[in-house]
Each structure stands twice: as structure tokens, then as C-alpha cells.
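Engineer: Sharing a structure here in C-alpha cells format.
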Amino acid sequence: MNQTSLIYDAVSRFWNNQTAEYFPAESFHYFEETESTNSFLLNQGLPNHCAVAEFQTAGRGRRGDRWEAPPKKNLLFSFSIRLPDDKTQWTRLPQITGWQMALTIQRCVDPSLPIKLKWPNDIYLDGKKLGGILVETIPAPEPIAVVGIGINVNIQNSQFPDELQAIATTIYSHAGCETNRWFLLGDFLNGMVNEGQPSFANFTPCLDWARSHDFLHGKKVKLKKHADSESLTEVICSGLGENGELLVSADEDSPTQSISSVEQLLFC
Ligand code: BTN
């Protein structure tokens with residue numbers, strides 16, 4: 001058995017038939033090293049594929065940031081899905097992904113872990129960033145999303161670069177031991193197929209969870225709305241809208257505005 005088959009075996013061990021049909025062995029890609037699993041699946045341009053890497057030489061975060069992780073420590077993967085025909089449902093994908101990843105970590109590590117989602121794409125644990133989600137879309141001929149996820153799993157806090165020490169965290173620091181990354185990945189993909197995919201149309205369970213685990217709720221933040229705008233707008237976050245957009249207001253007495261995307265979000 002080659003390495004890809006061994007990892008696929010470990011990842012798919014507890015899948016039901018629906019997940020095994022959705023991500024068959026031929027659509028699973030394992031890399032000791034690749035540029036970026038998102039770039040690989042974007043080049044491929046096909047739905048229902050999953051790519052996982054031990055190390056990325058050009059891992060990408062949101063807004064063109066780099067995403068760096070030492071080899072064989074963290075979970076670095078991407079999957080591709082066919083998006084629903086109804087475009088208004090597309091903004092639901094980051095929340096659905098974050099929700100499913102949070103449930104996976106609680107199921108596989110500890111149900112009491114205080115995980116929250118920081119709109120739009122971050123997974124927080126105990127007030128620090130545990131992981132991030134990068135959603136990229138191929139609109140035509142059929143709309144496909146490539147969703148990349150990086151989770152700090154077995155890296156230890158002391159191994160983070162100095163600038164991340166105070167703002168990032170890892171599963172290891174909460175579990176006190178290593179977690180099997182393939183078990184996490186398998187559980188996540190199974191949840192994504194069985195519970196995540198139907199949530200595009202029936203968003204209520206995801207939205208209820210995201211609203212009650214909303215890291216930004218009640219916090220004052222500064223938003224840069226567009227890449228070319230100089231100014232930052234100070235607002236208070238007041239919740240999530242029906243499609244997962246951020247609700248904000250200038251102060252408690254001002255009307256609520258709904259924000260679907262921002263260039264930058266900073267804490268005050
Ligand atoms: C962010 O918080 O900015 C999103 C980070 C997403 C990182 C993951 S790691 C696997 C996948 N491949 C990439 O190049 N990026 C995503």
C-alpha cells in the first residue's frame with residue numbers, strides 16, 4: 001500500500017456510505033510537500049476532491065497573507081464542493097465549515113473546549129486563534145468552492161514565532177497530548193458531507209450554533225471595508241444575519257448595518 005492509500009484508509013475508517021461516495025479514494029490527494037493544497041485543487045477545478053499536506057511551501061491565508069506551519073504537526077487541507085445554484089447561499093459556507101470543524105474538535109478532543117467562531121473565517125479557542133478558513137471560488141462552468149483549512153493541532157505554543165505567541169493557540173496546549181490528525185480530518189469530512197452540505201438550504205442549526213458561539217458579539221472593532229480605502233470605521237458587533245453576514249452598529253442607539261465582506265477587521 002502506498003502512503004496516500006494508507007492515509008485515506010485512516011481518514012475514511014469511520015465514514016458512512018454517503019461520505020465514501022462523496023470523497024472516493026481516487027479523489028483523495030496526500031502530499032509530503034506541496035505549494036498549497038488550495039492552489040492544487042483550484043488548478044484541478046473539480047468538485048468532491050480533498051488534498052492534505054504534511055508541509056506547504058507557499059501556504060496561503062486570507063488577504064494574500066502567508067500561512068506557515070512546521071512539517072507534520074498541524075492539519076493542512078482543502079476540499080472542493082459544488083456550490084448551490086442559489087448564489088445567496090454561498091456566504092453560508094465559511095460558517096458551515098467553521099461550525100463543522102468546531103464540532104469535530106469537540107467530539108474528538110474534548111466536548112467542553114471553549115471554541116468560538118470569529119467572523120468571517122477564524123476558529124478561536126479560549127480567546128486565541130486556533131485555525132483559519134480560506135474559501136476560494138471558481139464561478140464557471142459550474143460553481144465550485146475550494147475550502148482550505150489550517151488548524152494548529154500538535155504544534156506546541158512555545159514553537160510559535162514570537163509575534164504569534166500571544167494571539168495563537170493549539171489543540172496540544174488544551175489536550176496536553178498529541179491528537180491524531182487523520183482522525184480529525186475523517187470526522188470533519190463526514191460531518192461536512194452529512195450535516196454541513198444540507199445546511200446550505202437549511203441554515204438554521206448552523207446559524208443558531210454560530211450565534212451562540214460568536215466571538216465578536218458585543219465587541220468594538222475597526223473595519224476597513226475596501227482594499228483601497230484609507231479609513232477604518234469603528235463599530236460594535238451585534239450578531240450575525242440570516243445568511244451569516246456580520247451585523248454592526250456605530251453605537252447602541254444607531255441602526256444596524258449588515259456587512260458581507262471586509263478587507264480588514266481589527267480589535268479596538
Ligand atoms: C486564514 O486564517 O487566513 C486562512 C488560513 C487557511 C490556511 C489553509 S492551510 C491549507 C490550505 N492551503 C492553503 O494554502 N491555505 C489553506
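Chains: A, B, ... in order of the C-alpha cells. Residues: from 1 per chain. Ligands: from 1, in order shown.
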Hey, which bits of chain A sit within 6 Å of ligand 1, and for each residue what's the closest pair of atoms and how far apart in Å (one decimal), counting only C-alpha atoms and all ligand atoms, rows by chain and increasing number, as a tab-separated table?
Structural biologist:
residue	atom	partner	partner_atom_place_in_ligand_line	distance
A:Ser36	CA	ligand 1	14 (O)	4.0
A:Thr37	CA	ligand 1	12 (N)	4.4
A:Asn38	CA	ligand 1	12 (N)	4.4
A:Gly59	CA	ligand 1	14 (O)	3.5
A:Arg60	CA	ligand 1	14 (O)	3.7
A:Gly61	CA	ligand 1	3 (O)	3.3
A:Arg62	CA	ligand 1	3 (O)	3.8
A:Trp67	CA	ligand 1	7 (C)	5.5
A:Leu76	CA	ligand 1	10 (C)	4.1
A:Phe77	CA	ligand 1	10 (C)	4.3
A:Ser78	CA	ligand 1	11 (C)	5.4
A:Asp122	CA	ligand 1	2 (O)	5.8
A:Gly132	CA	ligand 1	2 (O)	3.4
A:Ile133	CA	ligand 1	4 (C)	4.3
A:Leu134	CA	ligand 1	4 (C)	4.5
A:Gly148	CA	ligand 1	11 (C)	3.8
A:Ile149	CA	ligand 1	8 (C)	4.1
A:Gly150	CA	ligand 1	9 (S)	3.9
Engineer: Those residues you just picked out, can you put them in a file as an mmCIF file, in the first residue's frame with N, CA and C atoms?
Structural biologist:
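What landed in part.cif:
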data_model
loop_
_atom_site.group_PDB
_atom_site.id
_atom_site.type_symbol
_atom_site.label_atom_id
_atom_site.label_comp_id
_atom_site.auth_asym_id
_atom_site.auth_seq_id
_atom_site.Cartn_x
_atom_site.Cartn_y
_atom_site.Cartn_z
ATOM 1 N N SER A 36 0.614 24.594 -2.031
ATOM 2 C CA SER A 36 -0.583 24.950 -1.261
ATOM 3 C C SER A 36 -1.686 23.995 -1.696
ATOM 4 N N THR A 37 -2.371 23.397 -0.731
ATOM 5 C CA THR A 37 -3.445 22.461 -1.102
ATOM 6 C C THR A 37 -4.591 23.211 -1.802
ATOM 7 N N ASN A 38 -4.808 24.499 -1.425
ATOM 8 C CA ASN A 38 -5.839 25.269 -2.123
ATOM 9 C C ASN A 38 -5.462 25.475 -3.583
ATOM 10 N N GLY A 59 1.936 28.156 1.543
ATOM 11 C CA GLY A 59 0.581 28.126 2.123
ATOM 12 C C GLY A 59 0.009 29.538 2.149
ATOM 13 N N ARG A 60 -1.269 29.645 1.823
ATOM 14 C CA ARG A 60 -1.892 30.968 1.714
ATOM 15 C C ARG A 60 -2.987 31.162 2.742
ATOM 16 N N GLY A 61 -3.007 32.374 3.338
ATOM 17 C CA GLY A 61 -4.099 32.766 4.220
ATOM 18 C C GLY A 61 -4.981 33.777 3.505
ATOM 19 N N ARG A 62 -5.905 34.370 4.226
ATOM 20 C CA ARG A 62 -6.781 35.378 3.616
ATOM 21 C C ARG A 62 -5.993 36.648 3.315
ATOM 22 N N TRP A 67 0.527 31.448 5.070
ATOM 23 C CA TRP A 67 0.107 30.551 6.160
ATOM 24 C C TRP A 67 1.227 29.551 6.358
ATOM 25 N N LEU A 76 -3.442 20.563 7.605
ATOM 26 C CA LEU A 76 -3.420 21.497 6.479
ATOM 27 C C LEU A 76 -4.105 20.799 5.319
ATOM 28 N N PHE A 77 -5.309 21.221 4.978
ATOM 29 C CA PHE A 77 -6.012 20.507 3.915
ATOM 30 C C PHE A 77 -7.013 21.425 3.219
ATOM 31 N N SER A 78 -7.471 20.958 2.065
ATOM 32 C CA SER A 78 -8.509 21.660 1.311
ATOM 33 C C SER A 78 -9.468 20.615 0.757
ATOM 34 N N ASP A 122 -12.438 32.655 11.090
ATOM 35 C CA ASP A 122 -11.450 32.155 12.046
ATOM 36 C C ASP A 122 -12.094 31.267 13.111
ATOM 37 N N GLY A 132 -7.743 28.774 10.707
ATOM 38 C CA GLY A 132 -8.373 29.696 9.763
ATOM 39 C C GLY A 132 -8.910 28.948 8.553
ATOM 40 N N ILE A 133 -9.842 29.609 7.892
ATOM 41 C CA ILE A 133 -10.515 29.020 6.729
ATOM 42 C C ILE A 133 -10.346 29.973 5.549
ATOM 43 N N LEU A 134 -9.963 29.426 4.410
ATOM 44 C CA LEU A 134 -9.803 30.240 3.199
ATOM 45 C C LEU A 134 -10.728 29.672 2.130
ATOM 46 N N GLY A 148 -10.033 25.821 2.114
ATOM 47 C CA GLY A 148 -8.774 25.409 2.742
ATOM 48 C C GLY A 148 -8.834 25.670 4.231
ATOM 49 N N ILE A 149 -8.346 24.721 5.001
ATOM 50 C CA ILE A 149 -8.388 24.864 6.459
ATOM 51 C C ILE A 149 -7.011 24.550 7.034
ATOM 52 N N GLY A 150 -6.574 25.416 7.923
ATOM 53 C CA GLY A 150 -5.341 25.159 8.667
ATOM 54 C C GLY A 150 -5.677 25.192 10.152
#
Engineer: Restricting the calculation to only C-alpha atoms, which member of A:Ser158, A:Thr179, A:Gln95, A:Gln89 is positioned closest to A:Ala210?
Structural biologist: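 For A:Ala210, the nearest of the given residues is A:Gln95.
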Engineer: Can you list, as an NGL selection string, all residues belonging to stretch 47-107 of chain A that DSSP tags as strand (DSSP E or B)?
Structural biologist: :A and (50-53 or 56 or 60 or 66 or 75-82)
Engineer: Name the residues of stretch 33-211 of chain A that come out as helix (DSSP H, G or I) in a backbone DSSP run; write them as an NGL selection string.
Structural biologist: :A and (37-44 or 62-64 or 87-108 or 157-159 or 162-164 or 171-175 or 181-200 or 204-211)
Engineer: Could those residues be written to a file, using C-alpha atoms, as a short mmCIF file (atom, residue, chain, number, x, y, z; two decimals), in the first residue's frame?
Structural biologist:
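Output file part-v7.cif is given in full below:
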data_model
loop_
_atom_site.label_atom_id
_atom_site.label_comp_id
_atom_site.auth_asym_id
_atom_site.auth_seq_id
_atom_site.Cartn_x
_atom_site.Cartn_y
_atom_site.Cartn_z
CA THR A 37 -3.45 22.46 -1.10
CA ASN A 38 -5.84 25.27 -2.12
CA SER A 39 -3.75 26.08 -5.20
CA PHE A 40 -3.64 22.37 -6.11
CA LEU A 41 -7.44 21.99 -6.02
CA LEU A 42 -8.03 25.33 -7.77
CA ASN A 43 -5.79 24.16 -10.64
CA GLN A 44 -7.66 20.90 -10.78
CA ARG A 62 -6.78 35.38 3.62
CA ARG A 63 -5.96 38.74 2.02
CA GLY A 64 -2.81 37.29 0.43
CA LYS A 87 -25.97 32.25 -5.02
CA THR A 88 -27.42 33.89 -1.90
CA GLN A 89 -26.49 30.71 -0.01
CA TRP A 90 -22.77 30.93 -0.87
CA THR A 91 -21.92 33.28 2.06
CA ARG A 92 -23.06 30.48 4.38
CA LEU A 93 -20.07 28.29 3.53
CA PRO A 94 -17.47 29.78 5.95
CA GLN A 95 -19.91 29.47 8.87
CA ILE A 96 -20.90 25.92 7.90
CA THR A 97 -17.22 24.96 7.66
CA GLY A 98 -16.27 26.62 10.97
CA TRP A 99 -19.28 25.04 12.71
CA GLN A 100 -18.40 21.55 11.47
CA MET A 101 -14.71 21.94 12.38
CA ALA A 102 -15.63 23.15 15.88
CA LEU A 103 -17.95 20.15 16.39
CA THR A 104 -15.21 17.79 15.16
CA ILE A 105 -12.66 19.20 17.62
CA GLN A 106 -15.13 18.96 20.49
CA ARG A 107 -16.13 15.38 19.53
CA CYS A 108 -12.56 14.15 19.01
CA ASN A 157 2.67 27.12 21.97
CA SER A 158 6.40 27.59 22.57
CA GLN A 159 7.03 26.64 18.91
CA ASP A 162 7.28 35.37 18.83
CA GLU A 163 4.65 37.51 17.11
CA LEU A 164 2.05 34.69 17.35
CA ILE A 171 -5.10 21.81 20.40
CA TYR A 172 -1.97 20.36 22.06
CA SER A 173 -1.94 23.10 24.70
CA HIS A 174 -5.51 22.19 25.74
CA ALA A 175 -5.37 18.40 25.31
CA ARG A 181 -4.76 14.50 12.59
CA TRP A 182 -6.28 11.87 10.24
CA PHE A 183 -8.99 11.07 12.79
CA LEU A 184 -9.86 14.79 12.96
CA LEU A 185 -9.90 15.09 9.16
CA GLY A 186 -12.08 12.00 8.74
CA ASP A 187 -14.60 13.16 11.32
CA PHE A 188 -14.73 16.64 9.77
CA LEU A 189 -15.31 15.42 6.19
CA ASN A 190 -18.00 13.02 7.40
CA GLY A 191 -19.74 15.87 9.25
CA MET A 192 -19.35 18.21 6.30
CA VAL A 193 -20.99 15.77 3.88
CA ASN A 194 -23.80 14.58 6.15
CA GLU A 195 -24.63 17.70 8.18
CA GLY A 196 -22.76 20.59 6.51
CA GLN A 197 -23.90 20.11 2.91
CA PRO A 198 -27.67 20.06 3.75
CA SER A 199 -27.16 23.24 5.80
CA PHE A 200 -26.84 25.45 2.71
CA THR A 204 -30.93 27.39 10.98
CA PRO A 205 -28.98 24.76 13.00
CA CYS A 206 -25.66 26.21 11.84
CA LEU A 207 -26.76 29.81 12.38
CA ASP A 208 -28.10 29.06 15.87
CA TRP A 209 -24.75 27.49 16.78
CA ALA A 210 -22.72 30.31 15.19
CA ARG A 211 -24.81 32.96 17.00
#
Engineer: Taking into account only C-alpha atoms, which residue in the set A:Gln18, A:Gln165, A:Ser112, A:Thr34 is nearest to A:Ala51?
Structural biologist: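 Residue with the minimum atom-to-atom distance to A:Ala51: A:Thr34.
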Engineer: Using atom CA of A:Ile144 and atom CA of A:Lys116 as the two end points, give the distance in Å to one decimal.
Structural biologist: 26.8 Å
Engineer: Can you work out the spacing between atom CA of A:Gly45 and atom CA of A:Asn74 in Å, to one decimal?
Structural biologist: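 One can read the atom CA of A:Gly45 to atom CA of A:Asn74 distance as 25.2 Å.
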